[in-house]
file structure-v5.cif (mmCIF, C-alpha atoms and all ligand atoms)
data_input
#
loop_
_atom_site.group_PDB
_atom_site.id
_atom_site.type_symbol
_atom_site.label_atom_id
_atom_site.label_comp_id
_atom_site.auth_asym_id
_atom_site.auth_seq_id
_atom_site.Cartn_x
_atom_site.Cartn_y
_atom_site.Cartn_z
ATOM 1 C CA MET A 1 0.000 0.000 0.000
ATOM 2 C CA GLU A 2 2.833 2.324 0.912
ATOM 3 C CA ASN A 3 4.382 1.661 -2.488
ATOM 4 C CA GLN A 4 1.134 2.501 -4.223
ATOM 5 C CA GLN A 5 0.965 5.825 -2.333
ATOM 6 C CA GLN A 6 4.543 6.590 -3.316
ATOM 7 C CA THR A 7 3.816 5.711 -6.948
ATOM 8 C CA LEU A 8 0.821 8.039 -6.977
ATOM 9 C CA ALA A 9 2.737 10.879 -5.306
ATOM 10 C CA SER A 10 5.503 10.522 -7.863
ATOM 11 C CA LEU A 11 3.004 10.472 -10.758
ATOM 12 C CA ARG A 12 1.310 13.624 -9.410
ATOM 13 C CA ARG A 13 4.652 15.391 -9.519
ATOM 14 C CA CYS A 14 5.218 14.151 -13.087
ATOM 15 C CA ALA A 15 1.807 15.381 -14.219
ATOM 16 C CA TYR A 16 2.512 18.756 -12.608
ATOM 17 C CA ARG A 17 5.843 19.039 -14.431
ATOM 18 C CA ILE A 18 4.288 17.998 -17.760
ATOM 19 C CA ARG A 19 1.680 20.780 -17.363
ATOM 20 C CA ARG A 20 4.429 23.221 -16.463
ATOM 21 C CA PHE A 21 6.663 22.315 -19.434
ATOM 22 C CA ALA A 22 3.674 22.659 -21.778
ATOM 23 C CA LEU A 23 2.786 26.106 -20.413
ATOM 24 C CA ARG A 24 6.388 27.246 -20.781
ATOM 25 C CA MET A 25 6.430 26.103 -24.436
ATOM 26 C CA GLY A 26 3.106 27.834 -25.006
ATOM 27 C CA GLU A 27 4.581 31.045 -23.650
ATOM 28 C CA VAL A 28 7.551 30.767 -26.049
ATOM 29 C CA GLN A 29 5.228 30.926 -29.064
ATOM 30 C CA GLY A 30 2.370 32.809 -27.403
ATOM 31 C CA GLN A 31 0.019 30.055 -28.531
ATOM 32 C CA GLY A 32 -0.501 26.320 -28.673
ATOM 33 C CA TYR A 33 -3.015 23.591 -27.966
ATOM 34 C CA ILE A 34 -2.583 24.204 -24.283
ATOM 35 C CA GLY A 35 -6.076 23.178 -23.158
ATOM 36 C CA GLN A 36 -5.476 19.689 -24.559
ATOM 37 C CA ALA A 37 -2.021 19.475 -22.943
ATOM 38 C CA LEU A 38 -3.371 20.335 -19.498
ATOM 39 C CA GLY A 39 -6.245 17.880 -19.934
ATOM 40 C CA TRP A 40 -4.087 14.975 -21.194
ATOM 41 C CA ALA A 41 -1.170 15.455 -18.754
ATOM 42 C CA ASP A 42 -2.321 12.850 -16.235
ATOM 43 C CA VAL A 43 -2.587 10.165 -18.927
ATOM 44 C CA LEU A 44 0.831 11.113 -20.319
ATOM 45 C CA ALA A 45 2.352 11.007 -16.825
ATOM 46 C CA VAL A 46 1.151 7.445 -16.250
ATOM 47 C CA ALA A 47 2.220 6.424 -19.765
ATOM 48 C CA TYR A 48 5.730 7.895 -19.619
ATOM 49 C CA ALA A 49 6.575 7.513 -15.930
ATOM 50 C CA HIS A 50 4.928 4.150 -15.301
ATOM 51 C CA ALA A 51 3.667 2.100 -18.223
ATOM 52 C CA LEU A 52 5.957 2.437 -21.219
ATOM 53 C CA ASN A 53 9.041 0.271 -21.525
ATOM 54 C CA LEU A 54 11.584 2.681 -23.044
ATOM 55 C CA ARG A 55 15.276 3.504 -23.101
ATOM 56 C CA PRO A 56 15.525 7.305 -22.991
ATOM 57 C CA ASP A 57 19.022 7.309 -24.494
ATOM 58 C CA GLU A 58 18.027 4.847 -27.248
ATOM 59 C CA PRO A 59 14.631 6.034 -28.581
ATOM 60 C CA GLU A 60 14.655 3.487 -31.439
ATOM 61 C CA TRP A 61 15.453 0.481 -29.269
ATOM 62 C CA GLU A 62 13.776 -2.447 -31.036
ATOM 63 C CA ASP A 63 11.951 -3.791 -27.979
ATOM 64 C CA ARG A 64 10.503 -0.415 -26.917
ATOM 65 C CA ASP A 65 6.797 0.043 -26.414
ATOM 66 C CA ARG A 66 5.515 2.227 -29.247
ATOM 67 C CA PHE A 67 3.492 5.361 -28.414
ATOM 68 C CA LEU A 68 1.779 6.836 -31.472
ATOM 69 C CA LEU A 69 0.586 10.438 -31.310
ATOM 70 C CA SER A 70 -2.277 10.148 -33.780
ATOM 71 C CA HIS A 71 -3.611 13.604 -32.846
ATOM 72 C CA GLY A 72 -0.462 15.430 -33.984
ATOM 73 C CA HIS A 73 -1.804 18.786 -32.799
ATOM 74 C CA TYR A 74 -1.235 17.516 -29.216
ATOM 75 C CA ALA A 75 2.536 17.756 -29.880
ATOM 76 C CA ILE A 76 3.081 20.371 -27.152
ATOM 77 C CA ALA A 77 1.720 17.894 -24.584
ATOM 78 C CA PHE A 78 3.818 15.090 -26.013
ATOM 79 C CA TYR A 79 7.070 17.139 -25.964
ATOM 80 C CA ALA A 80 6.402 17.932 -22.300
ATOM 81 C CA ALA A 81 6.148 14.184 -21.629
ATOM 82 C CA LEU A 82 9.358 13.531 -23.616
ATOM 83 C CA ILE A 83 11.168 16.134 -21.504
ATOM 84 C CA GLU A 84 9.802 14.541 -18.332
ATOM 85 C CA ALA A 85 10.951 11.104 -19.588
ATOM 86 C CA GLY A 86 14.474 12.378 -20.266
ATOM 87 C CA ILE A 87 14.253 11.840 -24.035
ATOM 88 C CA ILE A 88 14.531 15.564 -24.804
ATOM 89 C CA PRO A 89 16.530 18.018 -22.652
ATOM 90 C CA GLU A 90 14.508 20.634 -20.781
ATOM 91 C CA SER A 91 16.591 23.445 -22.298
ATOM 92 C CA GLU A 92 15.196 22.559 -25.732
ATOM 93 C CA LEU A 93 11.694 23.711 -24.868
ATOM 94 C CA GLU A 94 12.858 27.261 -25.571
ATOM 95 C CA THR A 95 13.034 26.277 -29.268
ATOM 96 C CA TYR A 96 9.404 25.122 -29.465
ATOM 97 C CA GLY A 97 7.839 25.984 -32.829
ATOM 98 C CA SER A 98 10.807 27.921 -34.196
ATOM 99 C CA ASP A 99 12.684 27.236 -37.451
ATOM 100 C CA ASP A 100 15.114 24.282 -37.244
ATOM 101 C CA SER A 101 13.664 23.169 -33.912
ATOM 102 C CA ARG A 102 13.191 19.468 -33.211
ATOM 103 C CA LEU A 103 9.848 20.493 -31.680
ATOM 104 C CA PRO A 104 7.544 21.669 -34.482
ATOM 105 C CA MET A 105 3.996 22.670 -33.606
ATOM 106 C CA SER A 106 2.526 19.492 -35.095
ATOM 107 C CA GLY A 107 4.113 16.092 -34.488
ATOM 108 C CA MET A 108 6.700 15.030 -37.114
ATOM 109 C CA ALA A 109 8.422 11.645 -36.882
ATOM 110 C CA THR A 110 11.489 12.806 -38.800
ATOM 111 C CA TYR A 111 12.118 15.752 -36.438
ATOM 112 C CA THR A 112 11.678 14.458 -32.919
ATOM 113 C CA PRO A 113 13.253 11.516 -31.094
ATOM 114 C CA GLY A 114 10.496 9.363 -29.608
ATOM 115 C CA MET A 115 7.889 10.531 -32.152
ATOM 116 C CA GLU A 116 6.853 7.311 -33.909
ATOM 117 C CA ILE A 117 4.580 8.787 -36.605
ATOM 118 C CA SER A 118 3.699 12.093 -38.221
ATOM 119 C CA GLY A 119 0.129 12.304 -36.960
ATOM 120 C CA GLY A 120 -2.275 15.165 -37.388
ATOM 121 C CA SER A 121 -4.171 13.919 -40.398
ATOM 122 C CA LEU A 122 -6.764 12.667 -37.987
ATOM 123 C CA GLY A 123 -7.830 9.028 -38.061
ATOM 124 C CA GLN A 124 -4.505 7.641 -39.287
ATOM 125 C CA GLY A 125 -2.966 6.591 -35.959
ATOM 126 C CA LEU A 126 -5.077 3.535 -35.245
ATOM 127 C CA PRO A 127 -4.630 1.973 -38.709
ATOM 128 C CA ILE A 128 -0.851 2.422 -38.381
ATOM 129 C CA ALA A 129 -0.931 1.054 -34.821
ATOM 130 C CA VAL A 130 -2.745 -2.068 -36.050
ATOM 131 C CA GLY A 131 -0.030 -2.681 -38.641
ATOM 132 C CA MET A 132 2.713 -2.146 -36.077
ATOM 133 C CA ALA A 133 1.054 -4.445 -33.524
ATOM 134 C CA LEU A 134 0.617 -7.151 -36.161
ATOM 135 C CA GLY A 135 4.241 -6.740 -37.281
ATOM 136 C CA LEU A 136 5.531 -7.047 -33.711
ATOM 137 C CA LYS A 137 3.530 -10.235 -33.237
ATOM 138 C CA HIS A 138 4.995 -11.722 -36.406
ATOM 139 C CA LYS A 139 8.469 -10.905 -35.080
ATOM 140 C CA ARG A 140 7.560 -12.405 -31.676
ATOM 141 C CA ASN A 141 8.394 -9.067 -30.084
ATOM 142 C CA ALA A 142 6.485 -8.603 -26.789
ATOM 143 C CA ALA A 143 6.311 -4.782 -26.965
ATOM 144 C CA PHE A 144 2.986 -2.963 -26.653
ATOM 145 C CA VAL A 145 1.685 -0.434 -29.166
ATOM 146 C CA TYR A 146 -0.221 2.509 -27.642
ATOM 147 C CA ASN A 147 -2.294 4.707 -29.911
ATOM 148 C CA SER A 148 -3.067 8.101 -28.377
ATOM 149 C CA MET A 149 -6.017 9.779 -30.105
ATOM 150 C CA SER A 150 -8.683 12.437 -29.717
ATOM 151 C CA ASP A 151 -12.450 12.134 -29.672
ATOM 152 C CA GLY A 152 -12.596 14.038 -32.974
ATOM 153 C CA GLU A 153 -10.913 11.006 -34.557
ATOM 154 C CA LEU A 154 -13.968 8.947 -33.719
ATOM 155 C CA ASP A 155 -15.640 10.744 -36.650
ATOM 156 C CA GLU A 156 -13.206 9.080 -39.071
ATOM 157 C CA GLY A 157 -14.182 5.836 -40.835
ATOM 158 C CA SER A 158 -10.541 4.723 -40.841
ATOM 159 C CA THR A 159 -10.660 4.515 -37.021
ATOM 160 C CA TRP A 160 -13.520 2.023 -37.065
ATOM 161 C CA GLU A 161 -12.100 -0.042 -39.923
ATOM 162 C CA ALA A 162 -8.864 -0.348 -37.946
ATOM 163 C CA ALA A 163 -10.789 -1.198 -34.771
ATOM 164 C CA MET A 164 -12.481 -4.075 -36.585
ATOM 165 C CA GLY A 165 -9.147 -5.282 -37.992
ATOM 166 C CA ALA A 166 -7.479 -5.190 -34.572
ATOM 167 C CA ALA A 167 -10.147 -7.436 -33.077
ATOM 168 C CA HIS A 168 -10.018 -9.772 -36.085
ATOM 169 C CA HIS A 169 -6.268 -10.209 -35.578
ATOM 170 C CA ARG A 170 -6.685 -10.556 -31.784
ATOM 171 C CA LEU A 171 -4.158 -7.811 -31.133
ATOM 172 C CA ASP A 172 -3.735 -8.087 -27.374
ATOM 173 C CA ASN A 173 -0.542 -6.013 -27.702
ATOM 174 C CA LEU A 174 -2.538 -2.938 -28.800
ATOM 175 C CA ILE A 175 -3.828 -0.359 -26.299
ATOM 176 C CA CYS A 176 -5.817 2.594 -27.611
ATOM 177 C CA LEU A 177 -6.069 5.709 -25.408
ATOM 178 C CA VAL A 178 -8.899 8.083 -26.357
ATOM 179 C CA ASP A 179 -9.142 11.619 -24.993
ATOM 180 C CA ILE A 180 -12.857 12.280 -24.520
ATOM 181 C CA ASN A 181 -12.620 16.017 -23.859
ATOM 182 C CA ASN A 182 -15.928 16.585 -25.626
ATOM 183 C CA GLN A 183 -14.345 19.251 -27.802
ATOM 184 C CA GLN A 184 -13.444 19.573 -31.471
ATOM 185 C CA ALA A 185 -12.430 22.436 -33.734
ATOM 186 C CA ASP A 186 -16.066 23.005 -34.692
ATOM 187 C CA GLY A 187 -17.557 22.787 -31.200
ATOM 188 C CA PRO A 188 -18.635 20.178 -28.647
ATOM 189 C CA SER A 189 -18.042 16.634 -29.939
ATOM 190 C CA GLY A 190 -21.632 15.546 -29.381
ATOM 191 C CA LYS A 191 -22.871 18.331 -31.649
ATOM 192 C CA VAL A 192 -20.327 17.707 -34.440
ATOM 193 C CA MET A 193 -21.090 13.962 -34.608
ATOM 194 C CA GLY A 194 -22.765 12.093 -31.750
ATOM 195 C CA PHE A 195 -20.665 9.056 -30.783
ATOM 196 C CA GLU A 196 -22.319 7.737 -27.620
ATOM 197 C CA PRO A 197 -22.773 5.088 -26.300
ATOM 198 C CA LEU A 198 -19.061 4.833 -26.891
ATOM 199 C CA ALA A 199 -18.133 1.984 -24.563
ATOM 200 C CA ASP A 200 -20.834 -0.177 -26.168
ATOM 201 C CA LYS A 201 -19.533 0.644 -29.656
ATOM 202 C CA TRP A 202 -15.943 -0.415 -28.902
ATOM 203 C CA ALA A 203 -17.209 -3.550 -27.109
ATOM 204 C CA ALA A 204 -19.332 -4.421 -30.163
ATOM 205 C CA PHE A 205 -16.178 -4.096 -32.280
ATOM 206 C CA GLY A 206 -14.556 -6.793 -30.104
ATOM 207 C CA TRP A 207 -12.398 -4.669 -27.793
ATOM 208 C CA HIS A 208 -11.856 -4.818 -24.049
ATOM 209 C CA VAL A 209 -13.192 -1.450 -22.873
ATOM 210 C CA GLN A 210 -12.580 0.701 -19.817
ATOM 211 C CA ARG A 211 -13.969 4.199 -19.298
ATOM 212 C CA VAL A 212 -12.454 6.322 -16.548
ATOM 213 C CA ASP A 213 -11.951 9.917 -15.421
ATOM 214 C CA GLY A 214 -8.715 10.843 -17.191
ATOM 215 C CA ASN A 215 -7.848 13.441 -14.557
ATOM 216 C CA ASP A 216 -8.178 11.010 -11.643
ATOM 217 C CA LEU A 217 -4.639 9.668 -11.323
ATOM 218 C CA PRO A 218 -5.435 6.521 -9.282
ATOM 219 C CA ALA A 219 -8.125 5.609 -11.848
ATOM 220 C CA VAL A 220 -5.778 6.283 -14.775
ATOM 221 C CA LEU A 221 -3.047 4.178 -13.177
ATOM 222 C CA ALA A 222 -5.421 1.280 -12.475
ATOM 223 C CA ALA A 223 -6.758 1.381 -16.046
ATOM 224 C CA PHE A 224 -3.255 1.230 -17.590
ATOM 225 C CA ASP A 225 -2.290 -1.655 -15.289
ATOM 226 C CA ARG A 226 -5.469 -3.563 -16.119
ATOM 227 C CA ALA A 227 -5.003 -3.067 -19.867
ATOM 228 C CA ARG A 228 -1.410 -4.327 -19.701
ATOM 229 C CA GLN A 229 -2.096 -7.278 -17.417
ATOM 230 C CA LEU A 230 -5.216 -8.703 -19.076
ATOM 231 C CA THR A 231 -4.766 -12.105 -20.624
ATOM 232 C CA GLU A 232 -7.756 -11.930 -22.994
ATOM 233 C CA PRO A 233 -6.752 -12.159 -26.683
ATOM 234 C CA ARG A 234 -8.383 -8.831 -27.558
ATOM 235 C CA PRO A 235 -7.184 -5.288 -28.196
ATOM 236 C CA ARG A 236 -7.814 -2.876 -25.326
ATOM 237 C CA VAL A 237 -9.217 0.630 -25.359
ATOM 238 C CA ILE A 238 -9.291 3.101 -22.472
ATOM 239 C CA LEU A 239 -11.770 5.955 -22.865
ATOM 240 C CA PHE A 240 -10.585 8.845 -20.711
ATOM 241 C CA ASP A 241 -13.039 11.621 -19.868
ATOM 242 C CA THR A 242 -10.857 14.708 -19.406
ATOM 243 C CA LEU A 243 -11.264 18.395 -18.696
ATOM 244 C CA MET A 244 -9.521 20.780 -21.077
ATOM 245 C CA GLY A 245 -7.315 23.260 -19.236
ATOM 246 C CA LYS A 246 -7.233 21.022 -16.122
ATOM 247 C CA GLY A 247 -5.283 22.612 -13.263
ATOM 248 C CA VAL A 248 -5.689 26.236 -14.390
ATOM 249 C CA PRO A 249 -9.304 27.240 -13.598
ATOM 250 C CA PHE A 250 -9.397 30.305 -15.863
ATOM 251 C CA LEU A 251 -8.370 28.108 -18.813
ATOM 252 C CA GLU A 252 -10.799 25.338 -17.827
ATOM 253 C CA GLN A 253 -13.624 27.825 -18.228
ATOM 254 C CA ARG A 254 -12.513 29.523 -21.418
ATOM 255 C CA GLU A 255 -14.827 29.408 -24.427
ATOM 256 C CA LYS A 256 -13.746 27.817 -27.728
ATOM 257 C CA ASN A 257 -10.949 25.965 -26.032
ATOM 258 C CA HIS A 258 -9.896 23.889 -29.071
ATOM 259 C CA PHE A 259 -7.328 26.635 -29.643
ATOM 260 C CA ILE A 260 -7.314 28.873 -26.595
ATOM 261 C CA ARG A 261 -6.468 32.510 -26.874
ATOM 262 C CA VAL A 262 -3.983 33.305 -24.107
ATOM 263 C CA ASP A 263 -2.912 36.914 -23.594
ATOM 264 C CA PRO A 264 0.799 37.504 -22.779
ATOM 265 C CA PRO A 265 0.441 38.128 -19.006
ATOM 266 C CA GLU A 266 -1.788 35.096 -18.653
ATOM 267 C CA TRP A 267 1.033 32.602 -19.256
ATOM 268 C CA GLN A 268 2.776 33.688 -16.072
ATOM 269 C CA GLN A 269 -0.542 33.795 -14.218
ATOM 270 C CA ALA A 270 -1.260 30.234 -15.335
ATOM 271 C CA LEU A 271 2.159 29.069 -14.119
ATOM 272 C CA GLN A 272 1.618 30.760 -10.768
ATOM 273 C CA ILE A 273 -1.776 29.134 -10.307
ATOM 274 C CA LEU A 274 -0.309 25.765 -11.192
ATOM 275 C CA ASP A 275 2.574 26.283 -8.762
ATOM 276 C CA GLN A 276 0.206 27.179 -5.941
ATOM 277 C CA SER A 277 -1.433 23.784 -6.210
ATOM 278 C CA GLN A 278 1.792 21.881 -6.838
ATOM 279 C CA PRO A 279 2.331 18.532 -5.156
ATOM 280 C CA GLU A 280 5.106 18.520 -2.528
ATOM 281 C CA GLU A 281 8.696 18.396 -3.815
ATOM 282 C CA ALA A 282 7.463 18.896 -7.349
ATOM 283 C CA VAL A 283 10.005 21.361 -8.568
HETATM 284 C C1 LIG A 301 -8.514 14.234 -41.476
HETATM 285 C C2 LIG A 301 -8.535 15.603 -40.821
HETATM 286 N N1 LIG A 301 -9.632 16.376 -40.935
HETATM 287 C C3 LIG A 301 -9.660 17.606 -40.376
HETATM 288 C C4 LIG A 301 -8.580 18.087 -39.690
HETATM 289 C C5 LIG A 301 -8.611 19.513 -39.116
HETATM 290 N N2 LIG A 301 -8.651 19.458 -37.647
HETATM 291 C C6 LIG A 301 -7.547 19.715 -36.893
HETATM 292 S S1 LIG A 301 -7.823 19.544 -35.240
HETATM 293 C C7 LIG A 301 -9.459 19.168 -35.513
HETATM 294 C C8 LIG A 301 -10.382 18.877 -34.358
HETATM 295 C C9 LIG A 301 -10.622 17.429 -34.185
HETATM 296 O O1 LIG A 301 -11.173 17.109 -32.933
HETATM 297 P P1 LIG A 301 -10.281 16.860 -31.656
HETATM 298 O O2 LIG A 301 -8.970 16.339 -32.086
HETATM 299 O O3 LIG A 301 -11.089 16.077 -30.692
HETATM 300 O O4 LIG A 301 -10.100 18.349 -31.148
HETATM 301 P P2 LIG A 301 -9.604 18.908 -29.719
HETATM 302 O O5 LIG A 301 -10.057 17.977 -28.668
HETATM 303 O O6 LIG A 301 -8.133 19.012 -29.799
HETATM 304 O O7 LIG A 301 -10.275 20.249 -29.607
HETATM 305 C C10 LIG A 301 -9.756 19.164 -36.873
HETATM 306 C C11 LIG A 301 -11.090 18.887 -37.448
HETATM 307 C C12 LIG A 301 -7.454 17.245 -39.590
HETATM 308 N N3 LIG A 301 -6.362 17.619 -38.913
HETATM 309 N N4 LIG A 301 -7.457 16.006 -40.158
HETATM 310 MG MG MG A 302 -11.498 16.517 -28.660
#
call {"tool": "encode", "arguments": {"input": "structure-v5.cif", "output": "structure tokens"}}
result
Amino acid sequence: MENQQQTLASLRRCAYRIRRFALRMGEVQGQGYIGQALGWADVLAVAYAHALNLRPDEPEWEDRDRFLLSHGHYAIAFYAALIEAGIIPESELETYGSDDSRLPMSGMATYTPGMEISGGSLGQGLPIAVGMALGLKHKRNAAFVYNSMSDGELDEGSTWEAAMGAAHHRLDNLICLVDINNQQADGPSGKVMGFEPLADKWAAFGWHVQRVDGNDLPAVLAAFDRARQLTEPRPRVILFDTLMGKGVPFLEQREKNHFIRVDPPEWQQALQILDQSQPEEAV
């Protein structure tokens, strides 16, 4: 039990630092998909500080777990996780979004160590993940493939075709992480294209399904552990309900938060608010 408490305390500090790195990168460019980064930070903390089997100094290690950023516009969140994982040095965040940086504003596999695919054309991550998971099985490689995607990608037919293929091939090495933030570029997800009842849909496609609060760290941790430890020969999906802007109340409440407008003084205000609620020994 003590170990579990220590694990959770350590993950809280990771999530705090991921939020902080993302805000600092946002301030460098004066913009960015910061609402998504704050909302997805708890999932990224559990992925990068607990679940993924990686070698930070060898990002292309053959036996690594693969983490695919299908929603390439979440790159700012992903870079923060790479910094936290020691794959990218913290000093590099100052280059975010500038010419010749390894950290472009949308995820690019050829630019960034640890970036497995160039996502961003939404709906492509899961099909690629299915191919990778199948390939690893053929090679008898025990690595997991994680596909990180947004709820907007549930509008894409390619997602559901891949979901059907994954179940057909019994890909128990595939874990799909969906950010249900109920937001898309054109408004609330339910208004753009209703996708509920979502858990039932994935289950009907042959997947093992969990749905949890993606900002509740103990629940996120338990869901990752369950997905990894299951012995059923089925792909696994975790549907995470998240709150955009989580941790910075004035950003949580902002309208049109697909691409939040943040005025220059607000970046420092956001960092201060985050720091006030920081877990002990976080910095
Ligand atoms: C195939 C495709 N269609 C349209 C877009 C344009 N686009 C970029 S982000 C976005 C919103 C998609 O929803 P989601 O990823 O859930 O948005 P968020 O949660 O980040 O607000 C859209 C439509 C795209 N990148 N790819
Ligand atoms: Mg969304």
call {"tool": "closest_residue", "arguments": {"input": "structure-v5.cif", "among": "A:Ser70, A:Thr112, A:Asn182, A:Ser118", "to": "ligand MG 302 (chain A)", "atoms": "all atoms listed in the file"}}
result
A:Asn182
call {"tool": "closest_atom_pairs", "arguments": {"input": "structure-v5.cif", "of": "range 12-71 of chain A", "to": "range 227-239 of chain A", "cutoff": "12 Å", "atoms": "all atoms listed in the file", "output": "CSV"}}
result
residue,atom,partner,partner_atom,distance
A:Trp40,CA,A:Leu239,CA,12.0
A:Val43,CA,A:Ile238,CA,10.4
A:Ala47,CA,A:Arg228,CA,11.3
A:His50,CA,A:Arg228,CA,11.5
A:Ala51,CA,A:Arg228,CA,8.3
A:Leu52,CA,A:Arg228,CA,10.1
A:Asn53,CA,A:Arg228,CA,11.6
A:Asp65,CA,A:Arg228,CA,11.5
call {"tool": "resolve_selection", "arguments": {"input": "structure-v5.cif", "expression": "the PyMOL selection byres (((not hetatm)) within 7 of (chain A and resi 302))", "output": "PyMOL selection string"}}
result
chain A and resi 150-152+179-184+189
call {"tool": "resolve_selection", "arguments": {"input": "structure-v5.cif", "expression": "the PyMOL selection byres (((not hetatm)) within 9 of (chain A and resi 301))", "output": "count of residues only"}}
result
37
call {"tool": "closest_atom_pairs", "arguments": {"input": "structure-v5.cif", "of": "range 44-148 of chain A", "to": "range 207-215 of chain A", "cutoff": "12 Å", "atoms": "only C-alpha atoms", "output": "tab-separated table"}}
result
residue	atom	partner	partner_atom	distance
A:Leu44	CA	A:Gly214	CA	10.0
A:Ala45	CA	A:Asn215	CA	10.7
A:Val46	CA	A:Gly214	CA	10.5
call {"tool": "closest_atom_pairs", "arguments": {"input": "structure-v5.cif", "of": "range 67-173 of chain A", "to": "range 8-20 of chain A", "cutoff": "7 Å", "atoms": "only C-alpha atoms", "output": "JSON lines"}}
result
{"residue": "A:Ala80", "atom": "CA", "partner": "A:Ile18", "partner_atom": "CA", "distance": 5.0}
{"residue": "A:Ala81", "atom": "CA", "partner": "A:Ile18", "partner_atom": "CA", "distance": 5.7}
{"residue": "A:Glu84", "atom": "CA", "partner": "A:Ile18", "partner_atom": "CA", "distance": 6.5}
call {"tool": "write_last_selection", "arguments": {"input": "structure-v5.cif", "atoms": "C-alpha atoms", "output": "mmCIF file, in the coordinates of the input"}}
result
data_model
loop_
_atom_site.group_PDB
_atom_site.id
_atom_site.type_symbol
_atom_site.label_atom_id
_atom_site.label_comp_id
_atom_site.auth_asym_id
_atom_site.auth_seq_id
_atom_site.Cartn_x
_atom_site.Cartn_y
_atom_site.Cartn_z
ATOM 1 C CA ALA A 80 6.402 17.932 -22.300
ATOM 2 C CA ALA A 81 6.148 14.184 -21.629
ATOM 3 C CA GLU A 84 9.802 14.541 -18.332
#
call {"tool": "resolve_selection", "arguments": {"input": "structure-v5.cif", "expression": "the PyMOL selection byres (((chain A and resi 86) around 12) and not hetatm)", "output": "mmCIF file with C-alpha atoms, in the coordinates of the input"}}
result
data_model
loop_
_atom_site.group_PDB
_atom_site.id
_atom_site.type_symbol
_atom_site.label_atom_id
_atom_site.label_comp_id
_atom_site.auth_asym_id
_atom_site.auth_seq_id
_atom_site.Cartn_x
_atom_site.Cartn_y
_atom_site.Cartn_z
ATOM 1 C CA CYS A 14 5.218 14.151 -13.087
ATOM 2 C CA ILE A 18 4.288 17.998 -17.760
ATOM 3 C CA TYR A 48 5.730 7.895 -19.619
ATOM 4 C CA ALA A 49 6.575 7.513 -15.930
ATOM 5 C CA LEU A 54 11.584 2.681 -23.044
ATOM 6 C CA ARG A 55 15.276 3.504 -23.101
ATOM 7 C CA PRO A 56 15.525 7.305 -22.991
ATOM 8 C CA ASP A 57 19.022 7.309 -24.494
ATOM 9 C CA GLU A 58 18.027 4.847 -27.248
ATOM 10 C CA PRO A 59 14.631 6.034 -28.581
ATOM 11 C CA TYR A 79 7.070 17.139 -25.964
ATOM 12 C CA ALA A 80 6.402 17.932 -22.300
ATOM 13 C CA ALA A 81 6.148 14.184 -21.629
ATOM 14 C CA LEU A 82 9.358 13.531 -23.616
ATOM 15 C CA ILE A 83 11.168 16.134 -21.504
ATOM 16 C CA GLU A 84 9.802 14.541 -18.332
ATOM 17 C CA ALA A 85 10.951 11.104 -19.588
ATOM 18 C CA ILE A 87 14.253 11.840 -24.035
ATOM 19 C CA ILE A 88 14.531 15.564 -24.804
ATOM 20 C CA PRO A 89 16.530 18.018 -22.652
ATOM 21 C CA GLU A 90 14.508 20.634 -20.781
ATOM 22 C CA SER A 91 16.591 23.445 -22.298
ATOM 23 C CA GLU A 92 15.196 22.559 -25.732
ATOM 24 C CA PRO A 113 13.253 11.516 -31.094
ATOM 25 C CA GLY A 114 10.496 9.363 -29.608
#
call {"tool": "atom_distance", "arguments": {"input": "structure-v5.cif", "atom1": "CA of Gln272 in chain A", "atom2": "CA of Gly247 in chain A"}}
result
11.0 Å
call {"tool": "closest_residue", "arguments": {"input": "structure-v5.cif", "among": "A:Pro264, A:Gly131, A:Gly125, A:Gly32", "to": "Ser158 in chain A", "atoms": "all atoms listed in the file"}}
result
A:Gly125
call {"tool": "residues_around", "arguments": {"input": "structure-v5.cif", "residues": "Asn173 in chain A", "least_positions_apart": "4", "cutoff": "8 Å", "atoms": "all atoms listed in the file", "output": "PyMOL selection string"}}
result
chain A and resi 133+142-145+235
call {"tool": "closest_residue", "arguments": {"input": "structure-v5.cif", "among": "A:Leu251, A:Arg66, A:Ala77, A:Arg102", "to": "Ala22 in chain A", "atoms": "only C-alpha atoms"}}
result
A:Ala77
call {"tool": "atom_distance", "arguments": {"input": "structure-v5.cif", "atom1": "CA of Pro104 in chain A", "atom2": "CA of Ile117 in chain A"}}
result
13.4 Å
call {"tool": "atom_distance", "arguments": {"input": "structure-v5.cif", "atom1": "CA of Pro279 in chain A", "atom2": "CA of Lys246 in chain A"}}
result
14.8 Å
call {"tool": "closest_residue", "arguments": {"input": "structure-v5.cif", "among": "A:Leu221, A:Leu243, A:Met164, A:Met105", "to": "Gly30 in chain A", "atoms": "all atoms listed in the file"}}
result
A:Met105
call {"tool": "residues_near_point", "arguments": {"input": "structure-v5.cif", "point": "(-18.0, -4.5, -34.4)", "cutoff": "9 Å", "atoms": "all atoms listed in the file", "output": "NGL selection string"}}
result
:A and (160 or 163-164 or 167 or 201-207)
call {"tool": "write_last_selection", "arguments": {"input": "structure-v5.cif", "atoms": "C-alpha atoms", "output": "mmCIF file, in the coordinates of the input"}}
result
data_model
loop_
_atom_site.group_PDB
_atom_site.id
_atom_site.type_symbol
_atom_site.label_atom_id
_atom_site.label_comp_id
_atom_site.auth_asym_id
_atom_site.auth_seq_id
_atom_site.Cartn_x
_atom_site.Cartn_y
_atom_site.Cartn_z
ATOM 1 C CA TRP A 160 -13.520 2.023 -37.065
ATOM 2 C CA ALA A 163 -10.789 -1.198 -34.771
ATOM 3 C CA MET A 164 -12.481 -4.075 -36.585
ATOM 4 C CA ALA A 167 -10.147 -7.436 -33.077
ATOM 5 C CA LYS A 201 -19.533 0.644 -29.656
ATOM 6 C CA TRP A 202 -15.943 -0.415 -28.902
ATOM 7 C CA ALA A 203 -17.209 -3.550 -27.109
ATOM 8 C CA ALA A 204 -19.332 -4.421 -30.163
ATOM 9 C CA PHE A 205 -16.178 -4.096 -32.280
ATOM 10 C CA GLY A 206 -14.556 -6.793 -30.104
ATOM 11 C CA TRP A 207 -12.398 -4.669 -27.793
#
